[in-house]
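Engineer: You'll find upload_29.cif just under this line, and it carries mmCIF, C-alpha atoms.
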data_input
loop_
_atom_site.label_atom_id
_atom_site.label_comp_id
_atom_site.auth_asym_id
_atom_site.auth_seq_id
_atom_site.Cartn_x
_atom_site.Cartn_y
_atom_site.Cartn_z
CA MET Z 1 38.44 -3.77 -99.90
CA ARG Z 2 38.90 -0.34 -98.34
CA ALA Z 3 39.36 2.51 -100.81
CA ALA Z 4 39.35 6.30 -101.00
CA GLN Z 5 36.97 7.30 -103.77
CA LEU Z 6 36.60 10.66 -105.53
CA THR Z 7 32.85 11.32 -105.62
CA ALA Z 8 32.77 15.12 -106.01
CA TRP Z 9 35.31 17.63 -107.29
CA ARG Z 10 37.46 19.33 -104.66
CA GLN Z 11 35.72 17.50 -101.83
CA PRO Z 12 37.24 15.08 -99.29
CA LEU Z 13 37.57 11.58 -100.70
CA THR Z 14 34.92 9.11 -99.61
CA LEU Z 15 36.28 6.20 -97.59
CA ALA Z 16 34.32 3.23 -98.85
CA THR Z 17 34.22 -0.54 -98.83
CA LEU Z 18 34.25 -1.70 -102.45
CA PRO Z 19 34.20 -5.18 -104.00
CA ASP Z 20 37.61 -6.78 -104.26
CA PRO Z 21 38.82 -6.68 -107.89
CA THR Z 22 39.10 -9.95 -109.79
CA PRO Z 23 41.70 -10.28 -112.54
CA GLY Z 24 40.51 -10.44 -116.12
CA PRO Z 25 42.55 -12.00 -118.95
CA GLY Z 26 46.12 -10.70 -118.87
CA GLU Z 27 45.58 -8.95 -115.54
CA VAL Z 28 46.95 -9.40 -112.05
CA VAL Z 29 45.57 -8.14 -108.76
CA LEU Z 30 48.07 -6.52 -106.41
CA ARG Z 31 47.90 -5.90 -102.71
CA VAL Z 32 48.97 -2.27 -102.66
CA LEU Z 33 52.06 -1.80 -100.51
CA ALA Z 34 52.46 1.94 -101.02
CA CYS Z 35 50.98 4.70 -103.17
CA GLY Z 36 52.28 8.23 -103.59
CA VAL Z 37 50.07 11.33 -103.60
CA CYS Z 38 51.02 13.19 -106.76
CA ARG Z 39 50.22 16.60 -108.22
CA SER Z 40 48.56 14.75 -111.10
CA ASP Z 41 46.14 13.28 -108.54
CA TRP Z 42 45.38 16.87 -107.56
CA HIS Z 43 44.53 17.70 -111.20
CA ALA Z 44 42.06 14.79 -111.18
CA TRP Z 45 40.67 15.88 -107.79
CA THR Z 46 39.98 19.40 -109.08
CA GLY Z 47 38.11 18.14 -112.16
CA ALA Z 48 40.75 19.47 -114.57
CA ASP Z 49 41.30 16.13 -116.31
CA PRO Z 50 38.54 15.22 -118.79
CA ASP Z 51 39.39 11.50 -118.61
CA VAL Z 52 38.19 11.22 -115.01
CA VAL Z 53 34.57 10.11 -114.62
CA LEU Z 54 33.06 10.03 -111.12
CA PRO Z 55 33.18 8.03 -108.99
CA MET Z 56 36.88 7.19 -109.29
CA VAL Z 57 39.47 5.66 -106.99
CA LEU Z 58 42.53 7.88 -107.43
CA GLY Z 59 46.18 6.81 -107.20
CA HIS Z 60 48.61 6.00 -110.01
CA GLU Z 61 52.01 5.93 -108.26
CA PHE Z 62 52.06 2.52 -106.59
CA CYS Z 63 53.87 -0.72 -105.95
CA GLY Z 64 52.39 -3.96 -104.72
CA GLU Z 65 52.47 -7.70 -104.18
CA VAL Z 66 50.80 -10.08 -106.63
CA VAL Z 67 47.86 -11.88 -105.02
CA ALA Z 68 45.85 -13.17 -108.01
CA LEU Z 69 46.48 -13.93 -111.69
CA GLY Z 70 44.18 -13.68 -114.68
CA ALA Z 71 44.15 -16.07 -117.62
CA GLY Z 72 47.20 -15.83 -119.85
CA VAL Z 73 49.58 -14.22 -117.36
CA SER Z 74 52.90 -16.06 -117.60
CA ARG Z 75 55.61 -13.88 -116.02
CA TRP Z 76 54.25 -13.47 -112.47
CA ARG Z 77 53.34 -15.54 -109.47
CA PRO Z 78 51.56 -14.76 -106.18
CA GLY Z 79 53.99 -13.15 -103.76
CA ASP Z 80 56.00 -11.30 -106.40
CA ARG Z 81 56.75 -7.69 -105.39
CA VAL Z 82 56.38 -5.48 -108.43
CA ILE Z 83 56.15 -1.97 -109.86
CA ALA Z 84 54.31 -0.66 -112.92
CA PRO Z 85 54.45 2.64 -114.80
CA PHE Z 86 51.28 4.68 -114.54
CA ILE Z 87 50.72 4.40 -118.30
CA LEU Z 88 49.70 0.76 -118.75
CA ALA Z 89 50.38 -0.01 -122.40
CA CYS Z 90 48.80 -2.86 -124.36
CA GLY Z 91 52.12 -4.25 -125.63
CA LEU Z 92 50.55 -5.29 -128.93
CA CYS Z 93 50.14 -2.17 -131.07
CA GLY Z 94 52.66 -0.64 -133.46
CA ASP Z 95 53.73 2.06 -131.01
CA CYS Z 96 54.36 -0.51 -128.28
CA ALA Z 97 56.35 -2.68 -130.71
CA ALA Z 98 58.50 0.36 -131.50
CA GLY Z 99 59.18 0.94 -127.79
CA HIS Z 100 56.86 3.93 -127.47
CA GLN Z 101 54.48 2.56 -124.87
CA THR Z 102 53.73 6.01 -123.44
CA ILE Z 103 51.74 6.89 -126.59
CA CYS Z 104 49.93 3.54 -126.85
CA ALA Z 105 46.44 4.20 -128.20
CA ASN Z 106 45.05 1.40 -126.00
CA GLN Z 107 46.69 2.56 -122.78
CA GLN Z 108 44.92 2.52 -119.44
CA VAL Z 109 45.82 4.88 -116.59
CA PRO Z 110 44.92 4.01 -112.98
CA GLY Z 111 43.20 6.86 -111.19
CA PHE Z 112 42.19 8.48 -114.47
CA THR Z 113 40.66 5.98 -116.90
CA ARG Z 114 40.17 3.14 -114.37
CA ASP Z 115 40.19 2.79 -110.59
CA GLY Z 116 43.59 3.41 -109.04
CA ALA Z 117 45.63 2.55 -105.97
CA PHE Z 118 44.19 4.63 -103.15
CA ALA Z 119 42.92 1.22 -102.10
CA GLU Z 120 44.00 -2.04 -100.51
CA LEU Z 121 43.88 -3.85 -103.88
CA ILE Z 122 44.26 -2.89 -107.54
CA ALA Z 123 43.80 -4.82 -110.78
CA VAL Z 124 46.60 -4.14 -113.29
CA PRO Z 125 45.95 -4.85 -116.99
CA PHE Z 126 48.56 -6.01 -119.53
CA ALA Z 127 50.58 -7.38 -116.62
CA ASP Z 128 53.25 -9.23 -118.61
CA THR Z 129 53.99 -6.04 -120.58
CA ASN Z 130 54.02 -3.54 -117.74
CA LEU Z 131 55.13 -5.11 -114.45
CA THR Z 132 58.75 -5.20 -113.30
CA ALA Z 133 60.15 -7.01 -110.26
CA LEU Z 134 61.46 -4.78 -107.48
CA PRO Z 135 64.86 -5.32 -105.82
CA GLU Z 136 64.59 -6.50 -102.22
CA SER Z 137 66.82 -3.59 -101.22
CA LEU Z 138 64.19 -1.01 -102.21
CA PRO Z 139 61.62 -0.23 -99.47
CA SER Z 140 58.02 -0.06 -100.64
CA HIS Z 141 57.45 3.57 -99.61
CA VAL Z 142 60.42 4.59 -101.76
CA ALA Z 143 59.58 2.21 -104.60
CA ALA Z 144 56.13 3.78 -105.05
CA GLY Z 145 57.79 6.79 -106.71
CA LEU Z 146 58.96 4.53 -109.52
CA GLY Z 147 55.37 4.49 -110.71
CA CYS Z 148 55.40 8.18 -111.64
CA ARG Z 149 57.65 10.93 -110.28
CA VAL Z 150 61.00 9.14 -110.51
CA THR Z 151 60.33 7.37 -113.80
CA THR Z 152 58.92 10.50 -115.43
CA ALA Z 153 62.10 12.35 -114.48
CA TRP Z 154 64.27 9.46 -115.73
CA GLN Z 155 62.53 9.41 -119.10
CA ALA Z 156 62.87 13.19 -119.38
CA LEU Z 157 66.60 13.15 -118.63
CA VAL Z 158 67.64 9.98 -120.42
CA GLY Z 159 65.00 9.35 -123.07
CA ARG Z 160 64.30 12.93 -124.12
CA ALA Z 161 67.02 15.42 -123.12
CA GLU Z 162 69.87 12.87 -123.30
CA LEU Z 163 71.58 14.62 -120.39
CA ARG Z 164 75.37 14.21 -120.44
CA PRO Z 165 77.94 14.24 -117.61
CA GLY Z 166 79.33 17.70 -116.95
CA GLU Z 167 76.28 19.54 -118.29
CA TRP Z 168 74.25 22.04 -116.29
CA LEU Z 169 70.69 21.02 -115.53
CA ALA Z 170 68.14 23.65 -114.42
CA VAL Z 171 65.05 22.26 -112.69
CA PHE Z 172 62.09 24.64 -112.53
CA GLY Z 173 59.81 23.37 -109.76
CA GLY Z 174 60.97 21.71 -106.54
CA GLY Z 175 58.14 19.23 -106.03
CA GLY Z 176 58.41 15.45 -106.22
CA VAL Z 177 59.30 15.17 -109.90
CA GLY Z 178 61.65 18.15 -109.70
CA LEU Z 179 63.52 16.65 -106.75
CA SER Z 180 63.67 13.33 -108.62
CA ALA Z 181 65.25 15.15 -111.57
CA LEU Z 182 67.76 16.71 -109.17
CA LEU Z 183 68.83 13.37 -107.67
CA LEU Z 184 68.93 11.53 -110.99
CA GLY Z 185 70.69 14.41 -112.74
CA ARG Z 186 73.42 14.37 -110.10
CA ALA Z 187 73.73 10.58 -110.46
CA LEU Z 188 74.21 11.05 -114.22
CA GLY Z 189 77.09 13.45 -113.61
CA ALA Z 190 75.35 16.77 -114.23
CA ARG Z 191 75.52 19.92 -112.12
CA VAL Z 192 72.07 20.97 -111.00
CA VAL Z 193 70.37 24.25 -110.07
CA VAL Z 194 66.82 24.14 -108.70
CA VAL Z 195 64.36 27.02 -109.07
CA ASP Z 196 61.25 27.47 -106.92
CA VAL Z 197 59.38 30.18 -105.01
CA VAL Z 198 59.20 28.38 -101.65
CA GLY Z 199 62.22 28.77 -99.39
CA ASP Z 200 61.68 25.48 -97.56
CA LYS Z 201 61.65 23.55 -100.86
CA LEU Z 202 64.85 25.24 -101.96
CA ALA Z 203 66.52 24.44 -98.65
CA HIS Z 204 65.44 20.81 -99.05
CA ALA Z 205 66.84 20.74 -102.60
CA LYS Z 206 70.13 22.16 -101.35
CA SER Z 207 70.28 19.46 -98.66
CA LEU Z 208 69.82 16.82 -101.37
CA GLY Z 209 72.87 18.02 -103.27
CA ALA Z 210 71.74 20.84 -105.56
CA ASP Z 211 74.79 22.80 -106.68
CA ALA Z 212 72.73 25.99 -106.46
CA VAL Z 213 69.16 27.11 -105.79
CA VAL Z 214 67.28 30.18 -107.00
CA ASN Z 215 64.19 31.76 -105.42
CA ALA Z 216 62.13 33.02 -108.35
CA ALA Z 217 60.01 35.11 -105.97
CA GLU Z 218 63.03 37.23 -105.13
CA THR Z 219 65.01 37.51 -108.36
CA ASP Z 220 64.90 37.03 -112.13
CA ALA Z 221 65.35 33.26 -112.13
CA ALA Z 222 66.48 32.94 -115.75
CA GLU Z 223 69.11 35.62 -115.35
CA ALA Z 224 70.32 34.02 -112.11
CA VAL Z 225 70.61 30.61 -113.76
CA ARG Z 226 72.53 32.03 -116.71
CA GLU Z 227 74.96 33.70 -114.31
CA LEU Z 228 75.39 30.60 -112.14
CA THR Z 229 75.99 28.34 -115.12
CA GLY Z 230 78.29 30.60 -117.10
CA GLY Z 231 75.90 31.34 -119.94
CA GLY Z 232 72.86 29.17 -119.36
CA ALA Z 233 71.87 25.59 -118.62
CA HIS Z 234 72.38 22.91 -121.24
CA VAL Z 235 69.13 21.22 -120.17
CA ALA Z 236 66.08 22.60 -118.38
CA ILE Z 237 63.27 20.60 -116.81
CA GLU Z 238 59.90 22.32 -116.39
CA ALA Z 239 58.12 20.51 -113.57
CA LEU Z 240 54.96 22.51 -112.90
CA GLY Z 241 53.05 22.99 -116.17
CA ILE Z 242 52.49 26.76 -116.11
CA ALA Z 243 53.59 29.62 -118.36
CA ALA Z 244 55.81 31.31 -115.77
CA THR Z 245 58.06 28.27 -115.34
CA MET Z 246 58.06 27.45 -119.06
CA THR Z 247 59.14 31.01 -119.87
CA GLY Z 248 61.78 31.02 -117.15
CA ALA Z 249 63.14 27.66 -118.26
CA MET Z 250 63.39 28.77 -121.89
CA ARG Z 251 65.20 31.97 -120.95
CA ALA Z 252 67.56 30.07 -118.64
CA LEU Z 253 68.99 27.94 -121.46
CA ARG Z 254 72.18 28.57 -123.37
CA LYS Z 255 72.08 28.44 -127.16
CA LEU Z 256 71.25 24.96 -128.49
CA GLY Z 257 69.79 24.15 -125.05
CA ARG Z 258 67.15 21.45 -124.55
CA LEU Z 259 63.97 21.93 -122.53
CA VAL Z 260 61.71 19.08 -121.47
CA MET Z 261 58.24 19.89 -120.16
CA ILE Z 262 57.22 17.42 -117.46
CA GLY Z 263 54.60 19.57 -115.72
CA MET Z 264 51.03 18.78 -116.72
CA PRO Z 265 49.31 21.87 -118.16
CA ALA Z 266 45.66 21.94 -117.12
CA GLY Z 267 42.78 24.41 -116.93
CA GLU Z 268 43.88 27.92 -117.85
CA HIS Z 269 47.42 26.69 -118.51
CA THR Z 270 46.54 24.50 -121.50
CA ALA Z 271 47.28 27.50 -123.75
CA MET Z 272 50.39 29.61 -123.06
CA THR Z 273 52.19 32.61 -124.51
CA LEU Z 274 55.90 31.77 -124.74
CA PRO Z 275 58.96 33.76 -125.88
CA MET Z 276 59.31 32.27 -129.34
CA ASP Z 277 62.06 34.75 -130.16
CA VAL Z 278 64.17 32.96 -127.55
CA LEU Z 279 63.37 29.62 -129.17
CA TYR Z 280 64.37 30.95 -132.57
CA SER Z 281 67.49 32.91 -131.69
CA GLY Z 282 68.78 30.29 -129.27
CA GLN Z 283 67.98 27.40 -131.64
CA LEU Z 284 66.45 25.63 -128.68
CA THR Z 285 64.85 22.20 -128.56
CA LEU Z 286 61.52 21.98 -126.72
CA GLN Z 287 60.02 18.58 -125.91
CA GLY Z 288 57.16 17.22 -123.89
CA THR Z 289 57.22 14.00 -121.94
CA ARG Z 290 54.68 11.89 -120.08
CA GLY Z 291 55.53 8.79 -118.10
CA MET Z 292 58.12 6.16 -119.00
CA PRO Z 293 57.97 2.93 -121.00
CA ALA Z 294 58.38 -0.16 -118.84
CA TRP Z 295 61.44 -1.34 -120.77
CA ARG Z 296 63.48 1.48 -119.18
CA TYR Z 297 63.03 0.06 -115.66
CA PRO Z 298 66.17 -2.16 -115.71
CA SER Z 299 68.56 0.76 -116.29
CA LEU Z 300 66.96 2.81 -113.52
CA LEU Z 301 66.75 -0.07 -111.06
CA SER Z 302 70.39 -0.93 -111.74
CA LEU Z 303 71.38 2.64 -110.85
CA ILE Z 304 69.36 2.47 -107.61
CA ASP Z 305 70.26 -1.06 -106.56
CA GLY Z 306 73.93 -0.35 -107.24
CA GLY Z 307 73.89 2.44 -104.68
CA HIS Z 308 74.48 5.25 -107.18
CA VAL Z 309 71.42 7.23 -106.14
CA ASP Z 310 69.42 7.34 -102.90
CA LEU Z 311 65.77 8.19 -103.47
CA SER Z 312 64.65 7.84 -99.85
CA PRO Z 313 64.93 11.61 -99.08
CA LEU Z 314 62.12 12.25 -101.57
CA VAL Z 315 59.58 10.80 -99.13
CA THR Z 316 59.11 13.19 -96.24
CA ARG Z 317 55.72 11.90 -95.06
CA THR Z 318 54.17 8.44 -94.82
CA ILE Z 319 50.43 8.71 -94.27
CA THR Z 320 47.24 6.71 -93.84
CA LEU Z 321 44.58 6.33 -96.51
CA SER Z 322 42.28 8.66 -94.57
CA GLN Z 323 44.89 11.44 -94.77
CA ALA Z 324 45.03 11.46 -98.59
CA SER Z 325 42.35 14.17 -98.85
CA ASP Z 326 44.42 16.59 -96.78
CA GLU Z 327 47.45 16.01 -99.00
CA LEU Z 328 45.40 16.70 -102.13
CA ALA Z 329 44.02 19.92 -100.68
CA ALA Z 330 47.55 21.00 -99.75
CA PHE Z 331 48.45 21.37 -103.44
CA ASP Z 332 46.21 24.46 -103.51
CA ARG Z 333 48.93 26.29 -101.56
CA PRO Z 334 52.71 25.94 -101.37
CA ALA Z 335 53.00 22.34 -100.23
CA PRO Z 336 55.67 21.23 -97.76
CA PRO Z 337 58.92 19.83 -99.19
CA GLY Z 338 59.07 16.26 -100.37
CA VAL Z 339 56.36 13.73 -101.14
CA ALA Z 340 53.62 12.02 -99.13
CA VAL Z 341 53.18 8.27 -99.59
CA ILE Z 342 50.26 6.18 -98.33
CA THR Z 343 51.57 3.12 -96.52
CA ASP Z 344 48.65 2.36 -94.16
CA PHE Z 345 45.45 1.40 -95.99
CA ALA Z 346 43.55 0.24 -92.93
CA SER Z 347 43.13 3.62 -91.23
#
Using structure tokens, write down the structure that the file contains.

Structural biologist:
Amino acid sequence: MRAAQLTAWRQPLTLATLPDPTPGPGEVVLRVLACGVCRSDWHAWTGADPDVVLPMVLGHEFCGEVVALGAGVSRWRPGDRVIAPFILACGLCGDCAAGHQTICANQQVPGFTRDGAFAELIAVPFADTNLTALPESLPSHVAAGLGCRVTTAWQALVGRAELRPGEWLAVFGGGGVGLSALLLGRALGARVVVVDVVGDKLAHAKSLGADAVVNAAETDAAEAVRELTGGGAHVAIEALGIAATMTGAMRALRKLGRLVMIGMPAGEHTAMTLPMDVLYSGQLTLQGTRGMPAWRYPSLLSLIDGGHVDLSPLVTRTITLSQASDELAAFDRPAPPGVAVITDFAS
């Protein structure tokens, strides 16, 4: 199969011909239909994630068609079009039994702990636990986001913050997961303000229905959010993983507000100084989140298939496998609005 392999940190991916994967017990092999290029892939590309051992095929935000089954797989057949969360849980441990698959001690993560989906084919472990059938109405390039950016936002809003209709949601970071939080927040009945430092991203957020946008490069974002929302947001989403956005999000909340950190802190950002006086005096709730358990897919797919949210505007670029390196390098500077998705694996 053709694959884009990380062989050196911060260097262009190596386009290689690798052996086709064969499914082990409980696994399926998918023909990859689409794979998003995510900021988390950039963290792996820079060498910031200790789980990544070279060489590694990146790519964790994918959908595909079943082409081969391993022993013991009972729910799937060749030709099925499916999606999987990027955290592939074992389905057998105590945490999985309790519904907490994102903290499964036996989890595997494509592109980080095993080869991912910047390739024509991918083997997916624990297939009966993790795979979900995709509605025919959902195009593959849009469905790829349900492997990471969209599902991570859904878990943050529904599983962690418990966002309610009529509440104000402040999204700090207008990248793929931030825009997903915007669209899903609106679908849940919230009013949404998006904060970023890139004018084009803010304009894109406004075009997608943001009630307000704030340019943090030009004003005190927290103060602006508090003014726009009449005292502060009920819920804030931090979608970058750095101290500046965490601090801004905390200060933007009203008392008893809830903050969910989606952004992945890496490198120098793994330790932060935060305004704990704001946490204390505001009686805030701070939570982290990572991924989404597969059992939440039906509620999200019902929302999408019912026409209550359109995720297609998230994808602003469909690219070839050979262009993935350029998209990774673009995260070093203010990236263009929206998300790039690989749909052509032959060139």

Engineer: Return the single residue from Z:Arg186, Z:His308, Z:Arg10, Z:Arg226 that is closest to Ser325 in chain Z, with distances computed using only C-alpha atoms.

Structural biologist: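 Closest candidate: Z:Arg10.
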
Engineer: For Thr273 in chain Z, find every residue with an atom within 10 Å (counting only C-alpha atoms), except residues of its own chain fewer than 4 positions away, and show them as a list of chain:residue names.

Structural biologist: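 Neighbouring residues, sequence-local ones excluded: Z:Ala243, Z:Ala244, Z:Met246, Z:Thr247, Z:His269.
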
Engineer: Taking C-alpha atoms for each residue, export the selection above as a PDB file, keeping the file's coordinate frame.

Structural biologist:
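The resulting file, part-v6.pdb, is reproduced below:
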ATOM      1  CA  ALA Z 243      53.590  29.620-118.360  1.00  0.00           C
ATOM      2  CA  ALA Z 244      55.810  31.310-115.770  1.00  0.00           C
ATOM      3  CA  MET Z 246      58.060  27.450-119.060  1.00  0.00           C
ATOM      4  CA  THR Z 247      59.140  31.010-119.870  1.00  0.00           C
ATOM      5  CA  HIS Z 269      47.420  26.690-118.510  1.00  0.00           C
TER       6      HIS Z 269
END

Engineer: Selected by the PyMOL selection byres ((chain Z and resi 253) around 7) in the shown coordinates: which residues, as JSON, numbers by chain?

Structural biologist: {"Z": [232, 233, 234, 235, 236, 249, 250, 251, 252, 254, 255, 257]}

Engineer: Name the residues in contact with Thr132 in chain Z at a cut-off of 7 Å, using all atoms listed in the file, excluding same-chain residues fewer than 5 positions from it; report them as a list in words.

Structural biologist: Val82, Ile83 and Ala84 of chain Z

Engineer: Quick one: write out the picked residues with C-alpha atoms as a PDB file, in the coordinates of the input?

Structural biologist:
ATOM      1  CA  VAL Z  82      56.380  -5.480-108.430  1.00  0.00           C
ATOM      2  CA  ILE Z  83      56.150  -1.970-109.860  1.00  0.00           C
ATOM      3  CA  ALA Z  84      54.310  -0.660-112.920  1.00  0.00           C
TER       4      ALA Z  84
END

Engineer: Could you check which of Z:Ala346, Z:Met276, Z:Cys148, Z:Ala143 is closest to Leu311 in chain Z, using all atoms listed in the file?

Structural biologist: Z:Ala143

Engineer: Mind giving me the straight-line distance from CA of Val213 in chain Z to CA of His141 in chain Z in Å, one decimal?

Structural biologist: 27.0 Å

Engineer: Expanded to explicit residues, what is the PyMOL selection byres ((chain Z and resi 184) around 10) for this file, as a list of chain:residue names?

Structural biologist: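 Selected by the PyMOL selection byres ((chain Z and resi 184) around 10) here: Z:Val150, Z:Thr151, Z:Ala153, Z:Trp154, Z:Leu157, Z:Val158, Z:Gly178, Z:Leu179, Z:Ser180, Z:Ala181, Z:Leu182, Z:Leu183, Z:Gly185, Z:Arg186, Z:Ala187, Z:Leu188, Z:Gly189, Z:Ala190, Z:Val192, Z:Leu300, Z:Leu303, Z:Ile304, Z:His308, Z:Val309, Z:Asp310, Z:Leu311.
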
Engineer: Would you mind telling me which residue in Z:Lys206, Z:His60, Z:Arg191, Z:Arg77 lies nearest to Ala44 in chain Z when using only C-alpha atoms?

Structural biologist: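 Ranked by minimum distance to Ala44 in chain Z, first place goes to Z:His60.
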
Engineer: Any idea what the distance is between CA of Gln287 in chain Z and CA of Pro275 in chain Z?

Structural biologist: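 Computing the Euclidean distance for CA of Gln287 in chain Z and CA of Pro275 in chain Z yields 15.2 Å.
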
Engineer: From the structure just shown, export range 127-145 of chain Z with N, CA and C atoms as an mmCIF file, in the first residue's frame.

Structural biologist:
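Okay, out-v3.cif is ready:
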data_model
loop_
_atom_site.group_PDB
_atom_site.id
_atom_site.type_symbol
_atom_site.label_atom_id
_atom_site.label_comp_id
_atom_site.auth_asym_id
_atom_site.auth_seq_id
_atom_site.Cartn_x
_atom_site.Cartn_y
_atom_site.Cartn_z
ATOM 1 N N ALA Z 127 -12.428 -4.126 16.772
ATOM 2 C CA ALA Z 127 -13.354 -3.573 15.785
ATOM 3 C C ALA Z 127 -14.802 -3.595 16.262
ATOM 4 N N ASP Z 128 -15.233 -4.677 16.903
ATOM 5 C CA ASP Z 128 -16.627 -4.752 17.334
ATOM 6 C C ASP Z 128 -16.937 -3.716 18.407
ATOM 7 N N THR Z 129 -15.943 -3.313 19.171
ATOM 8 C CA THR Z 129 -16.132 -2.311 20.222
ATOM 9 C C THR Z 129 -16.140 -0.898 19.662
ATOM 10 N N ASN Z 130 -15.314 -0.631 18.660
ATOM 11 C CA ASN Z 130 -15.045 0.749 18.286
ATOM 12 C C ASN Z 130 -15.711 1.252 17.008
ATOM 13 N N LEU Z 131 -15.993 0.377 16.063
ATOM 14 C CA LEU Z 131 -16.526 0.840 14.781
ATOM 15 C C LEU Z 131 -18.018 1.146 14.862
ATOM 16 N N THR Z 132 -18.426 2.147 14.080
ATOM 17 C CA THR Z 132 -19.833 2.529 13.949
ATOM 18 C C THR Z 132 -20.126 2.736 12.473
ATOM 19 N N ALA Z 133 -21.291 2.268 12.026
ATOM 20 C CA ALA Z 133 -21.688 2.446 10.631
ATOM 21 C C ALA Z 133 -22.014 3.902 10.357
ATOM 22 N N LEU Z 134 -21.618 4.372 9.177
ATOM 23 C CA LEU Z 134 -21.880 5.751 8.777
ATOM 24 C C LEU Z 134 -23.166 5.849 7.961
ATOM 25 N N PRO Z 135 -23.955 6.908 8.169
ATOM 26 C CA PRO Z 135 -25.129 7.122 7.315
ATOM 27 C C PRO Z 135 -24.698 7.370 5.872
ATOM 28 N N GLU Z 136 -25.492 6.893 4.926
ATOM 29 C CA GLU Z 136 -25.178 7.098 3.514
ATOM 30 C C GLU Z 136 -25.177 8.581 3.153
ATOM 31 N N SER Z 137 -25.910 9.381 3.924
ATOM 32 C CA SER Z 137 -26.030 10.804 3.621
ATOM 33 C C SER Z 137 -24.772 11.597 3.944
ATOM 34 N N LEU Z 138 -23.826 10.989 4.646
ATOM 35 C CA LEU Z 138 -22.647 11.715 5.125
ATOM 36 C C LEU Z 138 -21.459 11.450 4.209
ATOM 37 N N PRO Z 139 -20.992 12.453 3.451
ATOM 38 C CA PRO Z 139 -19.845 12.239 2.551
ATOM 39 C C PRO Z 139 -18.587 11.880 3.339
ATOM 40 N N SER Z 140 -17.724 11.105 2.722
ATOM 41 C CA SER Z 140 -16.531 10.616 3.420
ATOM 42 C C SER Z 140 -15.627 11.745 3.902
ATOM 43 N N HIS Z 141 -15.447 12.800 3.090
ATOM 44 C CA HIS Z 141 -14.526 13.863 3.496
ATOM 45 C C HIS Z 141 -15.049 14.624 4.707
ATOM 46 N N VAL Z 142 -16.359 14.632 4.897
ATOM 47 C CA VAL Z 142 -16.950 15.244 6.088
ATOM 48 C C VAL Z 142 -16.922 14.257 7.251
ATOM 49 N N ALA Z 143 -17.201 13.002 6.955
ATOM 50 C CA ALA Z 143 -17.255 11.971 7.998
ATOM 51 C C ALA Z 143 -15.916 11.786 8.695
ATOM 52 N N ALA Z 144 -14.808 12.043 8.005
ATOM 53 C CA ALA Z 144 -13.492 11.852 8.620
ATOM 54 C C ALA Z 144 -13.371 12.612 9.932
ATOM 55 N N GLY Z 145 -13.986 13.792 10.026
ATOM 56 C CA GLY Z 145 -13.905 14.591 11.237
ATOM 57 C C GLY Z 145 -14.527 13.938 12.445
#
